[in-house]
file work-v3.txt (compact mmCIF, C-alpha atoms)
# COMPACT_ATOMS: atom_id res chain seq x y z
CA MET A 1 -74.17 50.11 0.63
CA ASN A 2 -75.76 47.01 -0.56
CA LYS A 3 -76.05 44.59 2.37
CA PHE A 4 -75.20 41.72 0.14
CA LEU A 5 -72.10 43.52 -1.03
CA THR A 6 -71.10 44.40 2.55
CA GLY A 7 -71.49 40.83 3.58
CA ALA A 8 -69.48 39.66 0.63
CA ILE A 9 -66.68 42.07 1.40
CA ALA A 10 -66.64 40.98 5.02
CA THR A 11 -66.53 37.35 3.97
CA ALA A 12 -63.79 38.03 1.50
CA ALA A 13 -61.81 39.87 4.13
CA GLY A 14 -62.34 37.03 6.55
CA VAL A 15 -61.31 34.48 3.92
CA ALA A 16 -58.27 36.59 3.00
CA LEU A 17 -57.25 36.74 6.61
CA LEU A 18 -57.65 32.99 7.01
CA MET A 19 -55.83 32.21 3.76
CA GLY A 20 -53.05 34.66 4.53
CA GLY A 21 -52.27 32.78 7.70
CA ALA A 22 -50.12 35.60 9.01
CA GLY A 23 -51.38 38.02 11.59
CA THR A 24 -52.83 37.67 15.03
CA PHE A 25 -55.60 35.33 16.06
CA ALA A 26 -58.19 36.15 18.62
CA TYR A 27 -58.51 32.88 20.47
CA TRP A 28 -56.62 32.23 23.67
CA ASN A 29 -53.18 30.65 23.81
CA SER A 30 -50.43 30.29 26.30
CA SER A 31 -46.77 29.37 26.23
CA ALA A 32 -44.19 28.13 28.70
CA THR A 33 -40.36 27.79 28.49
CA PRO A 34 -38.83 24.45 29.59
CA ALA A 35 -35.79 24.52 31.85
CA ALA A 36 -32.58 25.21 29.91
CA SER A 37 -30.50 22.10 29.07
CA THR A 38 -27.38 21.38 27.04
CA ILE A 39 -27.18 18.76 24.29
CA THR A 40 -23.72 17.52 23.39
CA ALA A 41 -22.82 15.66 20.24
CA GLY A 42 -20.56 12.62 20.38
CA ASN A 43 -17.50 11.99 18.30
CA LEU A 44 -16.13 9.48 15.78
CA ALA A 45 -12.47 9.73 14.94
CA VAL A 46 -9.46 7.71 13.87
CA ALA A 47 -6.05 9.33 13.91
CA ASP A 48 -2.36 8.64 13.94
CA SER A 49 -1.26 7.78 17.48
CA GLY A 50 1.92 9.82 17.04
CA SER A 51 4.24 6.91 17.75
CA ALA A 52 6.55 6.07 14.85
CA ALA A 53 5.95 3.08 12.62
CA VAL A 54 8.45 0.22 12.92
CA TRP A 55 9.86 -1.64 9.91
CA LYS A 56 11.49 -5.02 10.40
CA SER A 57 13.13 -7.61 8.20
CA GLY A 58 12.49 -10.83 10.06
CA ASN A 59 13.20 -9.77 13.63
CA THR A 60 15.68 -7.02 12.79
CA VAL A 61 14.55 -3.38 12.77
CA ILE A 62 15.45 -1.73 9.46
CA ASN A 63 15.31 1.69 7.86
CA PRO A 64 13.23 1.26 4.69
CA ALA A 65 14.93 4.23 3.06
CA THR A 66 18.32 2.48 3.01
CA TYR A 67 17.39 -1.19 3.19
CA LYS A 68 17.97 -3.32 0.11
CA ALA A 69 15.39 -6.07 -0.24
CA VAL A 70 16.41 -9.41 -1.74
CA PRO A 71 14.40 -12.53 -2.65
CA GLY A 72 13.32 -14.38 0.45
CA ASP A 73 12.91 -11.24 2.57
CA VAL A 74 9.78 -10.91 4.70
CA LEU A 75 9.37 -7.30 5.82
CA THR A 76 6.83 -6.15 8.38
CA TYR A 77 5.45 -2.66 9.05
CA THR A 78 3.72 -2.01 12.38
CA LYS A 79 1.79 1.16 13.25
CA THR A 80 -0.63 2.12 16.03
CA MET A 81 -3.66 4.35 15.43
CA ASN A 82 -6.10 5.80 17.96
CA ILE A 83 -9.83 5.37 17.50
CA THR A 84 -12.45 7.39 19.38
CA ALA A 85 -16.17 6.69 19.41
CA THR A 86 -18.54 8.48 21.78
CA GLY A 87 -22.28 8.57 21.48
CA ASP A 88 -24.83 6.70 23.54
CA ASN A 89 -26.39 5.16 20.43
CA LEU A 90 -23.26 5.14 18.30
CA VAL A 91 -22.32 1.88 16.60
CA ALA A 92 -19.60 1.99 13.97
CA THR A 93 -17.60 -0.38 11.77
CA LEU A 94 -13.81 -0.29 11.99
CA GLY A 95 -12.06 -1.54 8.89
CA LEU A 96 -9.01 -1.40 6.65
CA THR A 97 -8.87 -0.21 3.08
CA PRO A 98 -6.14 -2.12 1.25
CA GLY A 99 -2.91 -0.49 0.22
CA SER A 100 -1.16 -0.84 -3.08
CA ILE A 101 2.32 -1.59 -4.38
CA ALA A 102 3.35 0.22 -7.52
CA GLY A 103 6.67 0.69 -9.25
CA ALA A 104 8.32 3.95 -8.20
CA THR A 105 8.71 4.68 -11.91
CA SER A 106 7.55 2.89 -15.04
CA GLY A 107 11.05 1.44 -15.49
CA ALA A 108 11.34 -2.30 -16.09
CA ALA A 109 13.10 -3.10 -12.80
CA ASP A 110 10.54 -1.14 -10.77
CA VAL A 111 7.61 -2.84 -12.48
CA ALA A 112 9.25 -6.25 -12.09
CA LEU A 113 9.74 -5.64 -8.37
CA ALA A 114 6.14 -4.51 -7.94
CA ASN A 115 4.97 -7.70 -9.63
CA ALA A 116 7.24 -9.86 -7.48
CA LEU A 117 6.26 -8.46 -4.08
CA THR A 118 3.16 -9.58 -2.27
CA GLN A 119 1.50 -7.58 0.51
CA SER A 120 -1.02 -8.48 3.19
CA ALA A 121 -2.33 -6.34 6.05
CA VAL A 122 -3.87 -7.21 9.39
CA LEU A 123 -5.79 -4.83 11.65
CA THR A 124 -5.81 -5.79 15.32
CA ALA A 125 -8.25 -4.04 17.66
CA THR A 126 -9.10 -5.17 21.17
CA GLY A 127 -10.86 -3.46 24.04
CA THR A 128 -14.23 -2.90 25.64
CA GLY A 129 -16.84 -2.15 23.02
CA ILE A 130 -14.79 -3.62 20.14
CA THR A 131 -15.97 -6.91 18.64
CA PRO A 132 -14.52 -8.72 15.60
CA VAL A 133 -16.99 -9.34 12.79
CA THR A 134 -17.20 -13.08 12.10
CA GLY A 135 -16.30 -13.98 8.56
CA SER A 136 -14.88 -10.54 7.71
CA PRO A 137 -11.18 -10.32 8.40
CA ASN A 138 -9.84 -6.95 9.56
CA THR A 139 -13.37 -5.76 10.41
CA TYR A 140 -14.68 -4.87 13.85
CA THR A 141 -17.86 -3.45 15.30
CA VAL A 142 -17.32 -0.57 17.72
CA ALA A 143 -20.21 0.10 20.12
CA ALA A 144 -19.57 3.29 22.02
CA GLY A 145 -22.18 2.86 24.73
CA THR A 146 -22.44 5.37 27.56
CA ALA A 147 -18.76 5.03 28.38
CA GLY A 148 -17.49 5.61 24.82
CA VAL A 149 -14.50 3.92 23.21
CA SER A 150 -11.01 5.40 23.11
CA GLN A 151 -8.52 2.78 22.07
CA ALA A 152 -5.23 2.22 20.28
CA VAL A 153 -5.43 -0.25 17.40
CA THR A 154 -2.51 -1.83 15.54
CA VAL A 155 -1.97 -2.16 11.80
CA THR A 156 0.59 -4.74 10.65
CA VAL A 157 1.57 -4.99 7.00
CA THR A 158 3.69 -7.87 5.71
CA VAL A 159 5.57 -7.42 2.44
CA THR A 160 7.10 -10.61 1.05
CA PHE A 161 9.75 -10.88 -1.66
CA PRO A 162 9.37 -14.53 -2.66
CA LYS A 163 12.49 -16.66 -3.01
CA GLY A 164 11.32 -18.10 -6.33
CA THR A 165 13.57 -20.23 -8.48
CA ALA A 166 17.17 -19.45 -9.42
CA GLY A 167 17.21 -16.27 -11.48
CA GLN A 168 13.42 -15.86 -11.43
CA TYR A 169 13.50 -12.31 -10.11
CA ASN A 170 16.76 -11.18 -11.70
CA ASP A 171 14.93 -8.44 -13.58
CA ALA A 172 13.77 -6.93 -10.28
CA LYS A 173 17.30 -6.19 -9.11
CA THR A 174 17.75 -2.56 -7.99
CA GLY A 175 14.03 -1.92 -8.62
CA ALA A 176 12.06 0.42 -6.34
CA VAL A 177 8.39 0.40 -5.37
CA ASN A 178 6.03 2.75 -3.52
CA LEU A 179 3.77 1.34 -0.85
CA SER A 180 0.77 3.61 -0.20
CA GLY A 181 -2.99 3.87 0.12
CA LEU A 182 -3.47 1.79 3.26
CA ALA A 183 -6.05 3.49 5.53
CA VAL A 184 -7.98 2.69 8.69
CA THR A 185 -11.67 3.63 8.41
CA LEU A 186 -14.36 4.10 11.03
CA THR A 187 -17.91 4.44 9.67
CA GLN A 188 -21.13 4.87 11.60
CA ASN A 189 -23.50 1.97 10.95
CA MET B 1 -79.06 51.65 -9.49
CA THR B 2 -77.55 54.80 -10.97
CA ALA B 3 -74.65 54.72 -13.39
CA GLN B 4 -72.33 56.07 -10.72
CA GLN B 5 -73.44 53.43 -8.25
CA SER B 6 -72.97 50.68 -10.72
CA ARG B 7 -69.46 51.96 -11.60
CA LYS B 8 -68.59 51.96 -7.88
CA ALA B 9 -69.98 48.48 -7.52
CA LEU B 10 -67.92 47.36 -10.48
CA ARG B 11 -64.75 48.84 -8.98
CA ARG B 12 -65.39 47.15 -5.63
CA ALA B 13 -65.99 43.87 -7.32
CA GLU B 14 -62.81 44.34 -9.27
CA ARG B 15 -60.86 44.99 -6.06
CA ARG B 16 -62.34 41.88 -4.44
CA ARG B 17 -61.29 39.81 -7.43
CA ARG B 18 -57.75 41.20 -7.32
CA LEU B 19 -57.53 40.57 -3.58
CA SER B 20 -58.78 37.00 -3.93
CA ARG B 21 -56.39 36.39 -6.83
CA SER B 22 -53.39 37.71 -4.95
CA LEU B 23 -54.24 35.67 -1.88
CA LEU B 24 -54.65 32.57 -3.99
CA LEU B 25 -51.31 33.25 -5.64
CA THR B 26 -49.65 33.68 -2.24
CA ALA B 27 -51.19 30.47 -0.94
CA GLY B 28 -50.13 28.71 -4.11
CA ALA B 29 -46.59 30.02 -3.73
CA VAL B 30 -46.45 28.87 -0.13
CA ILE B 31 -47.68 25.41 -1.06
CA ALA B 32 -45.19 25.21 -3.92
CA ALA B 33 -42.35 26.33 -1.68
CA THR B 34 -43.31 23.76 0.94
CA VAL B 35 -43.37 20.99 -1.65
CA ILE B 36 -39.95 22.02 -2.95
CA ALA B 37 -38.48 22.16 0.53
CA LEU B 38 -39.82 18.71 1.49
CA GLY B 39 -38.80 17.25 -1.84
CA GLY B 40 -35.17 18.27 -1.27
CA VAL B 41 -34.71 16.21 1.91
CA GLY B 42 -33.71 12.86 0.27
CA GLY B 43 -30.13 14.01 -0.62
CA THR B 44 -27.00 13.86 1.57
CA TYR B 45 -26.81 11.65 4.64
CA ALA B 46 -25.58 12.77 7.97
CA LEU B 47 -23.84 9.52 9.12
CA TRP B 48 -20.36 10.04 10.53
CA SER B 49 -17.30 8.49 8.97
CA LYS B 50 -13.56 9.02 9.25
CA ALA B 51 -10.60 7.54 7.44
CA SER B 52 -6.96 8.02 8.30
CA PRO B 53 -3.98 6.78 6.30
CA ALA B 54 -2.10 4.09 8.16
CA MET B 55 0.89 4.20 5.82
CA SER B 56 2.12 7.34 4.20
CA THR B 57 4.01 6.59 1.03
CA THR B 58 7.08 4.42 1.64
CA THR B 59 9.61 3.47 -1.00
CA LEU B 60 11.21 0.05 -0.89
CA THR B 61 14.24 -0.72 -3.02
CA ALA B 62 15.54 -4.10 -4.12
CA GLY B 63 19.21 -4.94 -3.88
CA THR B 64 21.21 -6.96 -6.34
CA ALA B 65 23.44 -10.02 -6.47
CA SER B 66 26.81 -9.36 -8.05
CA MET B 67 30.28 -10.81 -7.86
CA SER B 68 33.68 -10.27 -9.39
CA VAL B 69 36.49 -12.80 -9.94
CA SER B 70 40.12 -11.84 -10.30
CA GLN B 71 42.19 -13.33 -13.10
CA PRO B 72 45.00 -15.61 -11.84
CA ASP B 73 48.46 -14.67 -13.03
CA ALA B 74 49.72 -16.53 -16.09
CA PHE B 75 50.81 -20.15 -15.63
CA SER B 76 54.25 -20.71 -17.14
CA LEU B 77 57.11 -23.19 -17.10
CA LEU B 78 54.78 -26.13 -16.79
CA ALA B 79 56.73 -29.39 -16.96
CA PRO B 80 55.89 -33.10 -16.62
CA GLY B 81 55.45 -34.04 -12.97
CA ARG B 82 55.34 -30.38 -11.95
CA THR B 83 52.43 -28.41 -10.46
CA VAL B 84 52.12 -24.66 -10.80
CA SER B 85 49.68 -22.78 -8.52
CA ARG B 86 48.12 -19.35 -8.74
CA PRO B 87 45.64 -17.78 -6.28
CA PHE B 88 42.53 -15.94 -7.44
CA THR B 89 39.87 -14.04 -5.47
CA ILE B 90 36.09 -14.03 -5.63
CA THR B 91 34.57 -10.77 -4.30
CA ASN B 92 30.88 -10.41 -3.39
CA THR B 93 29.79 -6.92 -4.51
CA GLY B 94 26.04 -7.43 -4.09
CA ASP B 95 23.46 -7.26 -1.31
CA THR B 96 23.10 -10.95 -0.64
CA ASP B 97 25.36 -13.90 0.16
CA VAL B 98 26.37 -15.86 -2.94
CA GLN B 99 27.42 -19.37 -3.65
CA ALA B 100 30.12 -19.38 -6.33
CA GLN B 101 29.72 -22.23 -8.77
CA VAL B 102 31.72 -23.29 -11.83
CA SER B 103 29.02 -23.16 -14.47
CA THR B 104 31.06 -24.04 -17.58
CA ALA B 105 34.68 -24.97 -18.17
CA GLY B 106 36.59 -25.41 -21.40
CA PHE B 107 40.16 -26.58 -22.01
CA SER B 108 41.81 -26.64 -25.39
CA GLY B 109 45.26 -26.99 -26.84
CA THR B 110 47.70 -29.89 -27.00
CA LEU B 111 48.88 -29.38 -23.43
CA ALA B 112 45.33 -29.91 -22.19
CA THR B 113 45.63 -33.59 -23.08
CA VAL B 114 48.17 -34.11 -20.31
CA ALA B 115 47.05 -31.48 -17.76
CA THR B 116 45.07 -31.82 -14.54
CA VAL B 117 43.48 -28.63 -13.25
CA GLN B 118 42.27 -28.29 -9.65
CA ILE B 119 40.73 -25.56 -7.49
CA THR B 120 41.46 -25.78 -3.77
CA ASP B 121 40.22 -23.68 -0.85
CA SER B 122 43.71 -22.70 0.35
CA PRO B 123 44.16 -18.94 -0.04
CA THR B 124 47.94 -19.34 0.18
CA CYS B 125 48.04 -22.20 -2.31
CA GLY B 126 49.27 -24.48 0.44
CA ALA B 127 47.52 -27.58 1.68
CA GLY B 128 43.77 -27.43 1.21
CA ASN B 129 40.67 -29.27 0.08
CA VAL B 130 40.03 -29.77 -3.63
CA VAL B 131 36.69 -28.13 -4.43
CA TRP B 132 36.76 -28.65 -8.21
CA SER B 133 38.97 -30.65 -10.57
CA ARG B 134 39.45 -31.64 -14.18
CA THR B 135 41.60 -34.36 -15.74
CA PRO B 136 41.99 -35.01 -19.46
CA SER B 137 39.19 -37.57 -19.16
CA THR B 138 36.98 -36.40 -16.30
CA ARG B 139 35.57 -33.22 -14.84
CA SER B 140 33.58 -32.12 -11.77
CA ASN B 141 29.92 -31.56 -12.53
CA ASP B 142 28.89 -28.13 -13.78
CA GLY B 143 27.26 -26.24 -10.92
CA THR B 144 29.66 -27.51 -8.28
CA VAL B 145 29.87 -24.94 -5.49
CA ILE B 146 33.49 -23.92 -4.94
CA ALA B 147 32.90 -21.27 -2.26
CA THR B 148 30.19 -19.42 -0.32
CA VAL B 149 31.00 -15.74 -0.08
CA ARG B 150 29.09 -13.59 2.47
CA LYS B 151 27.75 -10.20 1.53
CA GLY B 152 30.54 -7.65 1.35
CA GLN B 153 33.30 -10.24 1.73
CA SER B 154 35.74 -11.97 -0.57
CA LYS B 155 37.33 -15.38 -0.69
CA THR B 156 40.68 -16.39 -2.17
CA LEU B 157 41.02 -19.82 -3.77
CA CYS B 158 43.95 -21.54 -5.48
CA MET B 159 44.12 -22.94 -8.99
CA ASN B 160 46.67 -25.71 -9.58
CA ILE B 161 47.78 -27.05 -12.95
CA ALA B 162 49.77 -30.27 -12.95
CA ILE B 163 51.32 -31.85 -16.04
CA ASP B 164 51.26 -35.63 -16.21
CA SER B 165 54.73 -37.05 -15.47
CA ALA B 166 54.32 -39.41 -18.46
CA ALA B 167 53.58 -36.56 -20.87
CA PRO B 168 55.11 -37.38 -24.27
CA ALA B 169 57.80 -35.21 -25.82
CA SER B 170 55.34 -34.06 -28.43
CA THR B 171 53.69 -31.93 -25.78
CA GLU B 172 56.89 -30.00 -25.12
CA GLY B 173 56.47 -26.29 -25.89
CA THR B 174 52.70 -26.61 -26.46
CA THR B 175 50.05 -24.47 -24.83
CA MET B 176 46.68 -24.86 -23.20
CA THR B 177 43.76 -22.44 -23.07
CA ASN B 178 41.46 -22.61 -20.04
CA SER B 179 38.19 -20.87 -19.62
CA LEU B 180 36.15 -21.25 -16.48
CA SER B 181 32.86 -19.46 -16.01
CA ILE B 182 31.97 -18.86 -12.36
CA VAL B 183 28.45 -17.84 -11.43
CA GLY B 184 27.14 -16.57 -8.09
CA VAL B 185 23.76 -17.77 -6.86
CA GLN B 186 21.87 -16.48 -3.80
CA PRO B 187 21.78 -19.42 -1.37

call {"tool": "encode", "arguments": {"input": "work-v3.txt", "output": "structure tokens"}}
result
Amino acid sequence: MNKFLTGAIATAAGVALLMGGAGTFAYWNSSATPAASTITAGNLAVADSGSAAVWKSGNTVINPATYKAVPGDVLTYTKTMNITATGDNLVATLGLTPGSIAGATSGAADVALANALTQSAVLTATGTGITPVTGSPNTYTVAAGTAGVSQAVTVTVTVTFPKGTAGQYNDAKTGAVNLSGLAVTLTQN
Amino acid sequence: MTAQQSRKALRRAERRRRLSRSLLLTAGAVIAATVIALGGVGGTYALWSKASPAMSTTTLTAGTASMSVSQPDAFSLLAPGRTVSRPFTITNTGDTDVQAQVSTAGFSGTLATVATVQITDSPTCGAGNVVWSRTPSTRSNDGTVIATVRKGQSKTLCMNIAIDSAAPASTEGTTMTNSLSIVGVQP
């Protein structure tokens, strides 16, 4: 065979081997296995605490299903939630997404009542690792640290039926509204 | 070189070209695949987040303010210097306390010119305080509160009609029509 051709074939084979990348290499190598270890992920959760919410009109506990609201009523809803944050480097923001008041139906009395009522919500969270965010109401920073955070937080919603002027809310009599959408959120920073 | 040797050489060259081409294609495919895989990384984020509803849907219902007033029995046999009394009852049928007020009052007929009408707070039409009154020339202000009735309760008041003792004979046998409009207002 032509020496030139042989050399070319050998080169091509060598190049093919190098370009292919797969296959065994002839130079020395060595490997070692580190000692086995376990890595555990942390956790970020917010959940219902399981204790029932309490509705009050003024200082009197009421059952919202049977209570009849009238102008001048100030109703409060109180609920506890549990937050969990574990993770040595975990920092999260605890906040409240606002709820909504909507007429139970599109009927005039329901819509009038929805327009008359005002709602405000306050999230209260205290404990090690929980810090209020200055200038942002209902917002907290949760720093899990090595100990983690497992804490009950309280949501209080105040629904006010204004007194108004004589006859101002007459069209809201017997109306019904749905209160929904309020949620506690925990988001990793 | 013989013809056979040159044909062999040609075939070997051809094989080398095919081998090089296929290796190049493989390398190209690997590079392309790597680029695609790296390019796909900037998509979803792995940050944790959790939201939990703090208020499942709750329905709130408004009450109402409503009231009913009974009609007093007919006043008859009115005579000069004589007072006839009839009780009437205000019932609160709503969800809030109400203040009962006389909103409008009208009196017509010849007898009205010599009649004084009063409402007192005595449920038995005995002695009591006058909460509203009308004479032929004067009248309590519209909006005067005559009673506060708590939710679910009722209150009985007394209406008195007195004919002036100096009523002229021309008023004998005449009649009077009264209309009082009572409104309930949430205090």

call {"tool": "closest_residue", "arguments": {"input": "work-v3.txt", "among": "B:Thr91, B:Thr138, B:Ser85, B:Thr96", "to": "chain A", "atoms": "all atoms listed in the file"}}
result
B:Thr96

call {"tool": "atom_distance", "arguments": {"input": "work-v3.txt", "atom1": "atom CA of B:Met67", "atom2": "atom CA of B:Thr93"}}
result
5.2 Å

call {"tool": "closest_residue", "arguments": {"input": "work-v3.txt", "among": "A:Thr33, A:Asn82, A:Ser120, A:Gln188", "to": "A:Gly99", "atoms": "all atoms listed in the file"}}
result
A:Ser120

call {"tool": "atom_distance", "arguments": {"input": "work-v3.txt", "atom1": "atom CA of A:Gly42", "atom2": "atom CA of A:Ala125"}}
result
20.9 Å

call {"tool": "interface_residues", "arguments": {"input": "work-v3.txt", "of": "chain B", "to": "chain A", "cutoff": "7 Å", "atoms": "all atoms listed in the file", "output": "PyMOL selection string"}}
result
chain B and resi 20+23+27+47-64+95-96

call {"tool": "write_last_selection", "arguments": {"input": "work-v3.txt", "atoms": "C-alpha atoms", "output": "PDB file, in the frame of the given file"}}
result
ATOM      1  CA  SER B  20     -58.780  37.000  -3.930  1.00  0.00           C
ATOM      2  CA  LEU B  23     -54.240  35.670  -1.880  1.00  0.00           C
ATOM      3  CA  ALA B  27     -51.190  30.470  -0.940  1.00  0.00           C
ATOM      4  CA  LEU B  47     -23.840   9.520   9.120  1.00  0.00           C
ATOM      5  CA  TRP B  48     -20.360  10.040  10.530  1.00  0.00           C
ATOM      6  CA  SER B  49     -17.300   8.490   8.970  1.00  0.00           C
ATOM      7  CA  LYS B  50     -13.560   9.020   9.250  1.00  0.00           C
ATOM      8  CA  ALA B  51     -10.600   7.540   7.440  1.00  0.00           C
ATOM      9  CA  SER B  52      -6.960   8.020   8.300  1.00  0.00           C
ATOM     10  CA  PRO B  53      -3.980   6.780   6.300  1.00  0.00           C
ATOM     11  CA  ALA B  54      -2.100   4.090   8.160  1.00  0.00           C
ATOM     12  CA  MET B  55       0.890   4.200   5.820  1.00  0.00           C
ATOM     13  CA  SER B  56       2.120   7.340   4.200  1.00  0.00           C
ATOM     14  CA  THR B  57       4.010   6.590   1.030  1.00  0.00           C
ATOM     15  CA  THR B  58       7.080   4.420   1.640  1.00  0.00           C
ATOM     16  CA  THR B  59       9.610   3.470  -1.000  1.00  0.00           C
ATOM     17  CA  LEU B  60      11.210   0.050  -0.890  1.00  0.00           C
ATOM     18  CA  THR B  61      14.240  -0.720  -3.020  1.00  0.00           C
ATOM     19  CA  ALA B  62      15.540  -4.100  -4.120  1.00  0.00           C
ATOM     20  CA  GLY B  63      19.210  -4.940  -3.880  1.00  0.00           C
ATOM     21  CA  THR B  64      21.210  -6.960  -6.340  1.00  0.00           C
ATOM     22  CA  ASP B  95      23.460  -7.260  -1.310  1.00  0.00           C
ATOM     23  CA  THR B  96      23.100 -10.950  -0.640  1.00  0.00           C
TER      24      THR B  96
END

call {"tool": "residues_around", "arguments": {"input": "work-v3.txt", "residues": "stretch 169-181 of chain B", "least_positions_apart": "2", "cutoff": "7 Å", "atoms": "all atoms listed in the file", "output": "VMD selection string"}}
result
chain B and resid 102 to 112 167 183

call {"tool": "atom_distance", "arguments": {"input": "work-v3.txt", "atom1": "atom CA of B:Ala65", "atom2": "atom CA of A:Lys56"}}
result
21.3 Å

call {"tool": "closest_residue", "arguments": {"input": "work-v3.txt", "among": "A:Ser37, A:Thr84, A:Thr105, A:Gln119", "to": "A:Thr160", "atoms": "only C-alpha atoms"}}
result
A:Gln119

call {"tool": "residues_around", "arguments": {"input": "work-v3.txt", "residues": "stretch 115-126 of chain B", "least_positions_apart": "4", "cutoff": "8 Å", "atoms": "all atoms listed in the file", "output": "PyMOL selection string"}}
result
chain B and resi 85-87+111+130-136+146-147+155-164

call {"tool": "residues_around", "arguments": {"input": "work-v3.txt", "residues": "B:Gln153", "least_positions_apart": "2", "cutoff": "10 Å", "atoms": "only C-alpha atoms", "output": "PyMOL selection string"}}
result
chain B and resi 90-94+97+148-151+155

call {"tool": "residues_around", "arguments": {"input": "work-v3.txt", "residues": "A:Gly58", "least_positions_apart": "3", "cutoff": "9 Å", "atoms": "only C-alpha atoms", "output": "list in words"}}
result
Val61, Asp73, Val74, Leu75 and Thr76 of chain A

call {"tool": "build_atoms", "arguments": {"input": "work-v3.txt", "residues": "stretch 75-80 of chain A", "atoms": "all heavy atoms", "output": "PDB file, in the frame of the given file"}}
result
ATOM      1  N   LEU A  75       9.292  -8.567   5.095  1.00  0.00           N
ATOM      2  CA  LEU A  75       9.370  -7.300   5.820  1.00  0.00           C
ATOM      3  C   LEU A  75       8.034  -7.025   6.492  1.00  0.00           C
ATOM      4  O   LEU A  75       6.981  -7.311   5.924  1.00  0.00           O
ATOM      5  CB  LEU A  75       9.689  -6.157   4.834  1.00  0.00           C
ATOM      6  CG  LEU A  75      10.918  -6.380   3.960  1.00  0.00           C
ATOM      7  CD1 LEU A  75      11.066  -5.226   2.977  1.00  0.00           C
ATOM      8  CD2 LEU A  75      12.169  -6.507   4.804  1.00  0.00           C
ATOM      9  N   THR A  76       8.073  -6.491   7.707  1.00  0.00           N
ATOM     10  CA  THR A  76       6.830  -6.150   8.380  1.00  0.00           C
ATOM     11  C   THR A  76       6.842  -4.678   8.789  1.00  0.00           C
ATOM     12  O   THR A  76       7.871  -4.127   9.161  1.00  0.00           O
ATOM     13  CB  THR A  76       6.593  -6.995   9.641  1.00  0.00           C
ATOM     14  OG1 THR A  76       7.726  -6.837  10.500  1.00  0.00           O
ATOM     15  CG2 THR A  76       6.413  -8.449   9.312  1.00  0.00           C
ATOM     16  N   TYR A  77       5.652  -4.059   8.696  1.00  0.00           N
ATOM     17  CA  TYR A  77       5.450  -2.660   9.050  1.00  0.00           C
ATOM     18  C   TYR A  77       4.385  -2.650  10.135  1.00  0.00           C
ATOM     19  O   TYR A  77       3.318  -3.226   9.959  1.00  0.00           O
ATOM     20  CB  TYR A  77       4.978  -1.905   7.815  1.00  0.00           C
ATOM     21  CG  TYR A  77       4.365  -0.539   8.058  1.00  0.00           C
ATOM     22  CD1 TYR A  77       5.144   0.605   7.968  1.00  0.00           C
ATOM     23  CD2 TYR A  77       3.018  -0.391   8.331  1.00  0.00           C
ATOM     24  CE1 TYR A  77       4.593   1.866   8.167  1.00  0.00           C
ATOM     25  CE2 TYR A  77       2.469   0.857   8.529  1.00  0.00           C
ATOM     26  CZ  TYR A  77       3.255   1.978   8.442  1.00  0.00           C
ATOM     27  OH  TYR A  77       2.708   3.218   8.629  1.00  0.00           O
ATOM     28  N   THR A  78       4.680  -2.033  11.270  1.00  0.00           N
ATOM     29  CA  THR A  78       3.720  -2.010  12.380  1.00  0.00           C
ATOM     30  C   THR A  78       3.457  -0.571  12.782  1.00  0.00           C
ATOM     31  O   THR A  78       4.395   0.215  12.970  1.00  0.00           O
ATOM     32  CB  THR A  78       4.288  -2.776  13.585  1.00  0.00           C
ATOM     33  OG1 THR A  78       4.697  -4.063  13.148  1.00  0.00           O
ATOM     34  CG2 THR A  78       3.245  -2.934  14.672  1.00  0.00           C
ATOM     35  N   LYS A  79       2.172  -0.229  12.911  1.00  0.00           N
ATOM     36  CA  LYS A  79       1.790   1.160  13.250  1.00  0.00           C
ATOM     37  C   LYS A  79       0.582   1.118  14.178  1.00  0.00           C
ATOM     38  O   LYS A  79      -0.320   0.292  13.992  1.00  0.00           O
ATOM     39  CB  LYS A  79       1.402   1.903  11.966  1.00  0.00           C
ATOM     40  CG  LYS A  79       1.018   3.361  12.152  1.00  0.00           C
ATOM     41  CD  LYS A  79       2.253   4.247  12.163  1.00  0.00           C
ATOM     42  CE  LYS A  79       1.912   5.706  12.348  1.00  0.00           C
ATOM     43  NZ  LYS A  79       1.614   6.063  13.725  1.00  0.00           N
ATOM     44  N   THR A  80       0.562   2.025  15.184  1.00  0.00           N
ATOM     45  CA  THR A  80      -0.630   2.120  16.030  1.00  0.00           C
ATOM     46  C   THR A  80      -1.422   3.363  15.644  1.00  0.00           C
ATOM     47  O   THR A  80      -0.858   4.409  15.294  1.00  0.00           O
ATOM     48  CB  THR A  80      -0.281   2.185  17.519  1.00  0.00           C
ATOM     49  OG1 THR A  80       0.642   3.255  17.711  1.00  0.00           O
ATOM     50  CG2 THR A  80       0.328   0.898  18.007  1.00  0.00           C
TER      51      THR A  80
END
